[in-house]
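Just structure24.cif here, mmCIF, C-alpha atoms:
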```cif
data_coords
#
loop_
_atom_site.group_PDB
_atom_site.id
_atom_site.type_symbol
_atom_site.label_atom_id
_atom_site.label_comp_id
_atom_site.auth_asym_id
_atom_site.auth_seq_id
_atom_site.Cartn_x
_atom_site.Cartn_y
_atom_site.Cartn_z
ATOM 1 C CA MET A 1097 -21.908 -6.670 6.590
ATOM 2 C CA SER A 1098 -20.567 -3.199 5.783
ATOM 3 C CA ASP A 1099 -21.802 -1.161 2.838
ATOM 4 C CA ILE A 1100 -18.363 0.463 2.613
ATOM 5 C CA ILE A 1101 -15.678 -2.141 3.188
ATOM 6 C CA GLU A 1102 -15.390 -5.896 3.515
ATOM 7 C CA VAL A 1103 -12.347 -8.032 4.264
ATOM 8 C CA ALA A 1104 -11.648 -10.891 1.869
ATOM 9 C CA ARG A 1105 -9.936 -13.652 3.863
ATOM 10 C CA GLY A 1106 -8.688 -17.073 2.962
ATOM 11 C CA ALA A 1107 -6.385 -19.858 4.091
ATOM 12 C CA GLY A 1108 -4.303 -18.958 1.035
ATOM 13 C CA LEU A 1109 -4.280 -16.381 -1.732
ATOM 14 C CA ALA A 1110 -6.501 -18.409 -4.072
ATOM 15 C CA GLU A 1111 -9.321 -18.496 -1.518
ATOM 16 C CA ALA A 1112 -8.970 -14.835 -0.586
ATOM 17 C CA TRP A 1113 -8.924 -13.795 -4.253
ATOM 18 C CA GLU A 1114 -12.160 -15.697 -4.853
ATOM 19 C CA ARG A 1115 -13.779 -13.868 -1.970
ATOM 20 C CA ALA A 1116 -12.532 -10.475 -3.203
ATOM 21 C CA VAL A 1117 -13.790 -11.046 -6.742
ATOM 22 C CA THR A 1118 -17.143 -12.235 -5.409
ATOM 23 C CA LEU A 1119 -17.507 -9.124 -3.226
ATOM 24 C CA ALA A 1120 -16.597 -6.813 -6.104
ATOM 25 C CA TRP A 1121 -19.082 -8.496 -8.425
ATOM 26 C CA THR A 1122 -22.005 -8.845 -6.023
ATOM 27 C CA GLN A 1123 -21.577 -5.680 -3.938
ATOM 28 C CA GLY A 1124 -19.686 -3.268 -6.185
ATOM 29 C CA ALA A 1125 -21.064 -0.015 -7.574
ATOM 30 C CA ASP A 1126 -21.113 0.723 -11.286
ATOM 31 C CA PHE A 1127 -18.897 3.519 -12.628
ATOM 32 C CA VAL A 1128 -17.748 5.061 -15.919
ATOM 33 C CA HIS A 1129 -14.003 5.543 -16.483
ATOM 34 C CA GLU A 1130 -12.880 9.178 -16.685
ATOM 35 C CA ASP A 1131 -10.689 8.657 -19.767
ATOM 36 C CA ASP A 1132 -12.664 6.488 -22.164
ATOM 37 C CA ALA A 1133 -16.194 6.164 -20.714
ATOM 38 C CA GLN A 1134 -15.620 2.428 -20.221
ATOM 39 C CA SER A 1135 -17.967 0.931 -17.645
ATOM 40 C CA TYR A 1136 -16.689 -0.916 -14.609
ATOM 41 C CA ARG A 1137 -17.889 -2.199 -11.248
ATOM 42 C CA GLY A 1138 -15.824 -1.616 -8.129
ATOM 43 C CA ARG A 1139 -15.607 -1.068 -4.404
ATOM 44 C CA PRO A 1140 -13.025 -0.598 -1.648
ATOM 45 C CA MET A 1141 -11.379 -3.881 -0.706
ATOM 46 C CA VAL A 1142 -9.125 -5.348 1.952
ATOM 47 C CA ILE A 1143 -7.494 -8.728 1.325
ATOM 48 C CA GLU A 1144 -6.099 -10.437 4.427
ATOM 49 C CA LEU A 1145 -3.594 -13.279 4.267
ATOM 50 C CA PRO A 1146 -2.510 -14.527 7.704
ATOM 51 C CA HIS A 1147 -0.197 -16.997 5.893
ATOM 52 C CA PRO A 1148 0.747 -15.351 2.562
ATOM 53 C CA LEU A 1149 2.551 -18.404 1.185
ATOM 54 C CA GLY A 1150 -0.019 -20.902 2.437
ATOM 55 C CA GLU A 1151 -2.174 -23.223 0.386
ATOM 56 C CA PRO A 1152 -4.227 -22.824 -1.684
ATOM 57 C CA ARG A 1153 -1.933 -20.228 -3.312
ATOM 58 C CA PHE A 1154 -2.366 -20.927 -7.031
ATOM 59 C CA HIS A 1155 -5.688 -20.783 -8.876
ATOM 60 C CA ARG A 1156 -6.602 -22.760 -11.979
ATOM 61 C CA MET A 1157 -8.978 -20.067 -13.290
ATOM 62 C CA ILE A 1158 -6.444 -17.263 -13.584
ATOM 63 C CA LEU A 1159 -5.870 -16.352 -17.241
ATOM 64 C CA ALA A 1160 -2.115 -16.765 -16.959
ATOM 65 C CA LEU A 1161 0.257 -19.686 -17.312
ATOM 66 C CA PRO A 1162 2.681 -20.533 -14.495
ATOM 67 C CA SER A 1163 5.440 -19.173 -16.745
ATOM 68 C CA ASP A 1164 3.543 -15.867 -17.034
ATOM 69 C CA ILE A 1165 3.246 -15.671 -13.256
ATOM 70 C CA GLU A 1166 6.936 -16.397 -12.778
ATOM 71 C CA SER A 1167 7.830 -13.770 -15.384
ATOM 72 C CA TYR A 1168 5.781 -11.188 -13.504
ATOM 73 C CA ILE A 1169 7.382 -12.151 -10.193
ATOM 74 C CA GLN A 1170 10.804 -11.504 -11.732
ATOM 75 C CA GLU A 1171 9.573 -8.170 -13.111
ATOM 76 C CA VAL A 1172 8.602 -7.049 -9.611
ATOM 77 C CA VAL A 1173 11.316 -8.543 -7.402
ATOM 78 C CA ALA A 1174 14.311 -8.489 -9.767
ATOM 79 C CA GLY A 1175 13.592 -5.697 -12.236
ATOM 80 C CA SER A 1176 13.670 -7.949 -15.287
ATOM 81 C CA LYS A 1177 11.753 -5.342 -17.327
ATOM 82 C CA ASP A 1178 13.258 -2.132 -15.962
ATOM 83 C CA HIS A 1179 15.195 -1.778 -19.218
ATOM 84 C CA LEU A 1180 11.916 -1.227 -21.074
ATOM 85 C CA ILE A 1181 11.325 2.126 -19.343
ATOM 86 C CA ASP A 1182 11.579 5.092 -21.726
ATOM 87 C CA LEU A 1183 10.022 8.350 -20.552
ATOM 88 C CA SER A 1184 10.642 9.998 -23.918
ATOM 89 C CA ASP A 1185 8.302 7.641 -25.761
ATOM 90 C CA PRO A 1186 4.573 7.812 -24.881
ATOM 91 C CA HIS A 1187 4.092 4.275 -26.210
ATOM 92 C CA LYS A 1188 6.704 2.663 -23.967
ATOM 93 C CA TRP A 1189 6.772 1.872 -20.267
ATOM 94 C CA HIS A 1190 7.173 4.817 -17.941
ATOM 95 C CA TYR A 1191 7.774 2.836 -14.770
ATOM 96 C CA THR A 1192 7.852 -0.576 -13.154
ATOM 97 C CA TYR A 1193 7.183 -1.207 -9.488
ATOM 98 C CA HIS A 1194 10.709 -2.499 -9.067
ATOM 99 C CA GLU A 1195 12.135 0.700 -10.576
ATOM 100 C CA ARG A 1196 9.989 2.984 -8.422
ATOM 101 C CA PHE A 1197 10.886 1.122 -5.243
ATOM 102 C CA THR A 1198 14.589 0.541 -5.856
ATOM 103 C CA CYS A 1199 15.518 3.521 -8.042
ATOM 104 C CA TYR A 1200 13.036 6.262 -7.158
ATOM 105 C CA THR A 1201 14.290 9.403 -8.895
ATOM 106 C CA VAL A 1202 13.473 12.916 -7.673
ATOM 107 C CA PRO A 1203 13.527 16.112 -9.755
ATOM 108 C CA ASN A 1204 17.172 16.853 -8.940
ATOM 109 C CA GLY A 1205 18.162 13.494 -10.421
ATOM 110 C CA GLU A 1206 18.941 11.701 -7.151
ATOM 111 C CA ALA A 1207 17.909 8.032 -7.128
ATOM 112 C CA VAL A 1208 16.779 6.394 -3.901
ATOM 113 C CA ASP A 1209 16.724 2.647 -3.208
ATOM 114 C CA GLN A 1210 13.710 2.661 -0.926
ATOM 115 C CA ILE A 1211 13.711 -1.099 -0.369
ATOM 116 C CA ALA A 1212 17.316 -1.051 0.848
ATOM 117 C CA ARG A 1213 16.409 1.743 3.248
ATOM 118 C CA LEU A 1214 13.275 -0.092 4.412
ATOM 119 C CA LEU A 1215 15.240 -3.244 5.183
ATOM 120 C CA ASP A 1216 18.049 -1.307 6.834
ATOM 121 C CA ARG A 1217 15.566 0.439 9.110
ATOM 122 C CA LEU A 1218 13.913 -2.830 10.106
ATOM 123 C CA ALA A 1219 17.284 -4.468 10.715
ATOM 124 C CA LYS A 1220 18.100 -1.663 13.163
ATOM 125 C CA ALA A 1221 14.600 -1.107 14.608
ATOM 126 C CA PRO A 1222 12.321 -4.077 13.834
ATOM 127 C CA ASN A 1223 9.218 -2.411 15.300
ATOM 128 C CA SER A 1224 9.724 0.890 13.458
ATOM 129 C CA ARG A 1225 6.560 2.447 12.039
ATOM 130 C CA ARG A 1226 8.607 4.311 9.422
ATOM 131 C CA ALA A 1227 9.634 1.400 7.193
ATOM 132 C CA GLN A 1228 7.800 2.235 3.995
ATOM 133 C CA ALA A 1229 8.334 2.840 0.289
ATOM 134 C CA ILE A 1230 6.227 4.804 -2.194
ATOM 135 C CA THR A 1231 5.696 4.909 -5.962
ATOM 136 C CA TRP A 1232 3.808 8.170 -6.530
ATOM 137 C CA LYS A 1233 5.583 11.170 -8.036
ATOM 138 C CA PRO A 1234 3.222 14.133 -7.565
ATOM 139 C CA TRP A 1235 5.184 16.276 -10.027
ATOM 140 C CA TYR A 1236 4.772 13.660 -12.792
ATOM 141 C CA ASP A 1237 2.149 10.935 -12.258
ATOM 142 C CA PRO A 1238 -1.106 12.989 -12.242
ATOM 143 C CA GLY A 1239 -0.571 13.775 -15.924
ATOM 144 C CA GLU A 1240 0.037 10.146 -16.917
ATOM 145 C CA THR A 1241 -2.696 8.035 -18.529
ATOM 146 C CA ASP A 1242 -1.457 4.923 -16.709
ATOM 147 C CA PRO A 1243 0.075 5.975 -13.381
ATOM 148 C CA PRO A 1244 1.043 3.393 -10.739
ATOM 149 C CA CYS A 1245 -1.816 1.574 -9.043
ATOM 150 C CA LEU A 1246 0.344 0.489 -6.105
ATOM 151 C CA GLN A 1247 1.045 3.513 -3.942
ATOM 152 C CA ARG A 1248 2.874 2.333 -0.854
ATOM 153 C CA ILE A 1249 4.437 -0.617 0.922
ATOM 154 C CA TRP A 1250 4.639 -0.559 4.718
ATOM 155 C CA ALA A 1251 6.401 -3.243 6.772
ATOM 156 C CA ILE A 1252 7.137 -4.118 10.386
ATOM 157 C CA VAL A 1253 8.710 -7.016 12.285
ATOM 158 C CA GLN A 1254 6.629 -8.267 15.200
ATOM 159 C CA GLU A 1255 7.259 -11.407 17.229
ATOM 160 C CA GLY A 1256 9.928 -12.511 14.773
ATOM 161 C CA ARG A 1257 7.677 -12.184 11.726
ATOM 162 C CA LEU A 1258 7.751 -9.694 8.868
ATOM 163 C CA ASN A 1259 4.281 -8.233 8.278
ATOM 164 C CA VAL A 1260 3.707 -6.346 5.030
ATOM 165 C CA HIS A 1261 0.869 -3.995 4.074
ATOM 166 C CA THR A 1262 0.304 -2.657 0.549
ATOM 167 C CA HIS A 1263 -1.901 0.268 -0.463
ATOM 168 C CA TRP A 1264 -3.428 0.646 -3.938
ATOM 169 C CA ARG A 1265 -5.398 3.526 -5.444
ATOM 170 C CA SER A 1266 -7.022 1.280 -8.075
ATOM 171 C CA ARG A 1267 -6.779 -2.330 -9.234
ATOM 172 C CA GLU A 1268 -8.247 -4.656 -11.813
ATOM 173 C CA ALA A 1269 -9.714 -7.646 -9.973
ATOM 174 C CA LEU A 1270 -9.725 -10.659 -12.277
ATOM 175 C CA LEU A 1271 -6.019 -10.868 -13.143
ATOM 176 C CA ALA A 1272 -3.891 -7.936 -11.956
ATOM 177 C CA SER A 1273 -4.802 -8.223 -8.277
ATOM 178 C CA TYR A 1274 -3.870 -11.898 -8.130
ATOM 179 C CA MET A 1275 -0.593 -11.424 -10.021
ATOM 180 C CA ASN A 1276 0.318 -8.428 -7.860
ATOM 181 C CA ILE A 1277 -0.136 -10.343 -4.626
ATOM 182 C CA VAL A 1278 1.764 -13.414 -5.811
ATOM 183 C CA ALA A 1279 4.721 -11.180 -6.682
ATOM 184 C CA LEU A 1280 4.629 -8.981 -3.598
ATOM 185 C CA THR A 1281 4.361 -11.917 -1.209
ATOM 186 C CA ALA A 1282 7.325 -13.499 -3.010
ATOM 187 C CA TRP A 1283 9.220 -10.257 -2.309
ATOM 188 C CA GLN A 1284 8.011 -10.391 1.294
ATOM 189 C CA GLU A 1285 9.519 -13.876 1.589
ATOM 190 C CA MET A 1286 12.844 -12.602 0.223
ATOM 191 C CA TRP A 1287 12.898 -9.676 2.667
ATOM 192 C CA ALA A 1288 12.087 -11.936 5.608
ATOM 193 C CA ARG A 1289 15.001 -14.174 4.644
ATOM 194 C CA GLN A 1290 17.327 -11.161 4.447
ATOM 195 C CA LEU A 1291 16.209 -10.006 7.875
ATOM 196 C CA GLY A 1292 16.481 -13.491 9.382
ATOM 197 C CA VAL A 1293 12.814 -13.644 10.404
ATOM 198 C CA GLU A 1294 9.714 -15.589 9.424
ATOM 199 C CA VAL A 1295 7.052 -14.445 6.965
ATOM 200 C CA GLY A 1296 4.191 -12.770 8.813
ATOM 201 C CA HIS A 1297 0.810 -11.599 7.572
ATOM 202 C CA TYR A 1298 0.073 -9.694 4.363
ATOM 203 C CA LEU A 1299 -2.638 -7.016 4.220
ATOM 204 C CA ASP A 1300 -3.741 -5.509 0.917
ATOM 205 C CA PHE A 1301 -5.814 -2.279 0.837
ATOM 206 C CA THR A 1302 -7.420 -1.100 -2.440
ATOM 207 C CA ASP A 1303 -9.465 2.089 -2.814
ATOM 208 C CA ASN A 1304 -11.191 0.880 -5.992
ATOM 209 C CA PHE A 1305 -11.038 -2.870 -6.664
ATOM 210 C CA HIS A 1306 -12.827 -3.226 -9.975
ATOM 211 C CA ILE A 1307 -14.057 -5.391 -12.827
ATOM 212 C CA TYR A 1308 -14.265 -3.848 -16.300
ATOM 213 C CA GLY A 1309 -17.489 -4.050 -18.304
ATOM 214 C CA ARG A 1310 -15.795 -6.165 -20.968
ATOM 215 C CA ASP A 1311 -15.205 -8.805 -18.270
ATOM 216 C CA PHE A 1312 -18.676 -8.841 -16.706
ATOM 217 C CA ALA A 1313 -19.666 -12.157 -18.330
ATOM 218 C CA ARG A 1314 -16.445 -13.787 -17.162
ATOM 219 C CA ALA A 1315 -16.876 -12.384 -13.640
ATOM 220 C CA GLU A 1316 -20.383 -13.787 -13.414
ATOM 221 C CA MET A 1317 -19.138 -17.173 -14.605
ATOM 222 C CA LEU A 1318 -16.228 -17.166 -12.143
ATOM 223 C CA VAL A 1319 -18.348 -16.279 -9.144
ATOM 224 C CA GLU A 1320 -20.692 -19.160 -9.961
ATOM 225 C CA LYS A 1321 -17.766 -21.591 -10.330
ATOM 226 C CA PHE A 1322 -16.255 -20.376 -7.043
ATOM 227 C CA ARG A 1323 -19.554 -21.346 -5.417
ATOM 228 C CA THR A 1324 -20.151 -24.683 -7.107
ATOM 229 C CA ALA A 1325 -16.880 -26.216 -8.348
ATOM 230 C CA PRO A 1326 -14.959 -28.522 -5.975
ATOM 231 C CA PRO A 1327 -11.574 -27.342 -4.635
ATOM 232 C CA GLU A 1328 -9.609 -29.678 -6.909
ATOM 233 C CA ALA A 1329 -11.180 -27.960 -9.939
ATOM 234 C CA ARG A 1330 -10.260 -24.507 -8.645
ATOM 235 C CA TYR A 1331 -6.894 -24.768 -6.932
ATOM 236 C CA LEU A 1332 -3.445 -25.804 -8.097
ATOM 237 C CA SER A 1333 -1.023 -27.170 -5.512
ATOM 238 C CA ALA A 1334 2.380 -25.509 -5.215
ATOM 239 C CA GLU A 1335 3.977 -28.836 -6.152
ATOM 240 C CA LEU A 1336 1.960 -29.135 -9.355
ATOM 241 C CA TYR A 1337 2.543 -25.461 -10.134
ATOM 242 C CA ARG A 1338 6.320 -25.908 -9.907
ATOM 243 C CA SER A 1339 6.151 -28.991 -12.145
ATOM 244 C CA LEU A 1340 4.514 -26.905 -14.873
ATOM 245 C CA LEU A 1341 7.300 -24.319 -15.032
#
```
Do you think you could lay out the structure here as structure tokens?
Amino acid sequence: MSDIIEVARGAGLAEAWERAVTLAWTQGADFVHEDDAQSYRGRPMVIELPHPLGEPRFHRMILALPSDIESYIQEVVAGSKDHLIDLSDPHKWHYTYHERFTCYTVPNGEAVDQIARLLDRLAKAPNSRRAQAITWKPWYDPGETDPPCLQRIWAIVQEGRLNVHTHWRSREALLASYMNIVALTAWQEMWARQLGVEVGHYLDFTDNFHIYGRDFARAEMLVEKFRTAPPEARYLSAELYRSLL
């Protein structure tokens, strides 16, 4: 077992998320946040999903309703909250992932649809190593109090399957990480359909996968339930999930 990095694997997202949270809680280092001195525990993390849409995908212990999850998926894949962005107001949103990936603006005002370019490249050269999209704006984001956690998406088609890798500078473990992956693998499915290929693996790299001090009691409780509760008490089938929407 590495002191630096571990891979959280699972048959589906729900299993892999349990493993990632357990690793962060039991093997993370304690830190203090640079902005507000809030304590947190974190570590580098890799989450590996050989079958991103496989079961068990949905977890009963996530603090979000199925409708909340679906709303977030639409925020990421369809830009349902892009209209909330207002750079002139410090109290409003300054980005969404959908906006950064599909309407990435540079200082001269040009807007780039990086996802369209990514898919176009893969349609022409499926094994290209250059199919990627970024969020970071080095002329703007370092001064933000809440800059994007997701930094880059990289994709490739191999053996008729679309593999997607995502790279994160920082991520909250107990809710954000799960919601992020549900949404991004839904986008992966959409891209695979557009390209006429199958969904391949999903790899998720995080530099600091963390649990905030205010959530330590919940993290301890969750890790114990992951260990002791039967699968039917932890996982929600896709069929049941859809029926709750």
Evaluate the PyMOL selection byres ((chain A and resi 1161) around 12) and report residues as JSON, numbers by chain = {"A": [1154, 1155, 1156, 1157, 1158, 1159, 1160, 1162, 1163, 1164, 1165, 1166, 1167, 1168, 1271, 1275, 1332, 1337, 1338, 1340, 1341]}
Students should find that atom CA of Ala1212 of chain A and atom CA of Leu1183 of chain A are spaced 24.5 Å
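Restricting the calculation to only C-alpha atoms, the smallest distance between Gly1138 of chain A and any of A:His1194, A:Arg1105, A:His1306, A:His1263 is found for A:His1306.
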Taking all atoms listed in the file into account, produce a table as CSV in which each residue of segment 1235-1316 of chain A with an atom at most 10 Å from an atom of segment 1106-1128 of chain A appears once, together with its shortest atom pair and the distance in Å to one decimal, ordered by chain and rising number.
```
residue,atom,partner,partner_atom,distance
A:Glu1268,CA,A:Val1117,CA,9.9
A:Ala1269,CA,A:Val1117,CA,6.2
A:Leu1270,CA,A:Val1117,CA,6.9
A:Leu1271,CA,A:Trp1113,CA,9.8
A:Ser1273,CA,A:Trp1113,CA,8.0
A:Tyr1274,CA,A:Trp1113,CA,6.6
A:Ile1277,CA,A:Leu1109,CA,7.9
A:Val1278,CA,A:Leu1109,CA,7.9
A:Thr1281,CA,A:Leu1109,CA,9.7
A:Asn1304,CA,A:Ala1120,CA,9.4
A:Phe1305,CA,A:Ala1120,CA,6.8
A:His1306,CA,A:Ala1120,CA,6.5
A:Ile1307,CA,A:Ala1120,CA,7.3
A:Tyr1308,CA,A:Phe1127,CA,9.4
A:Gly1309,CA,A:Asp1126,CA,9.2
A:Phe1312,CA,A:Trp1121,CA,8.3
A:Ala1315,CA,A:Trp1121,CA,6.9
A:Glu1316,CA,A:Trp1121,CA,7.4
```
Rank nothing, just name the residue among A:Arg1330, A:Ser1184, A:Ile1252, A:Pro1152 nearest to Leu1318 of chain A, using all atoms listed in the file.
->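 Nearest candidate to Leu1318 of chain A out of A:Arg1330, A:Ser1184, A:Ile1252, A:Pro1152: A:Arg1330.
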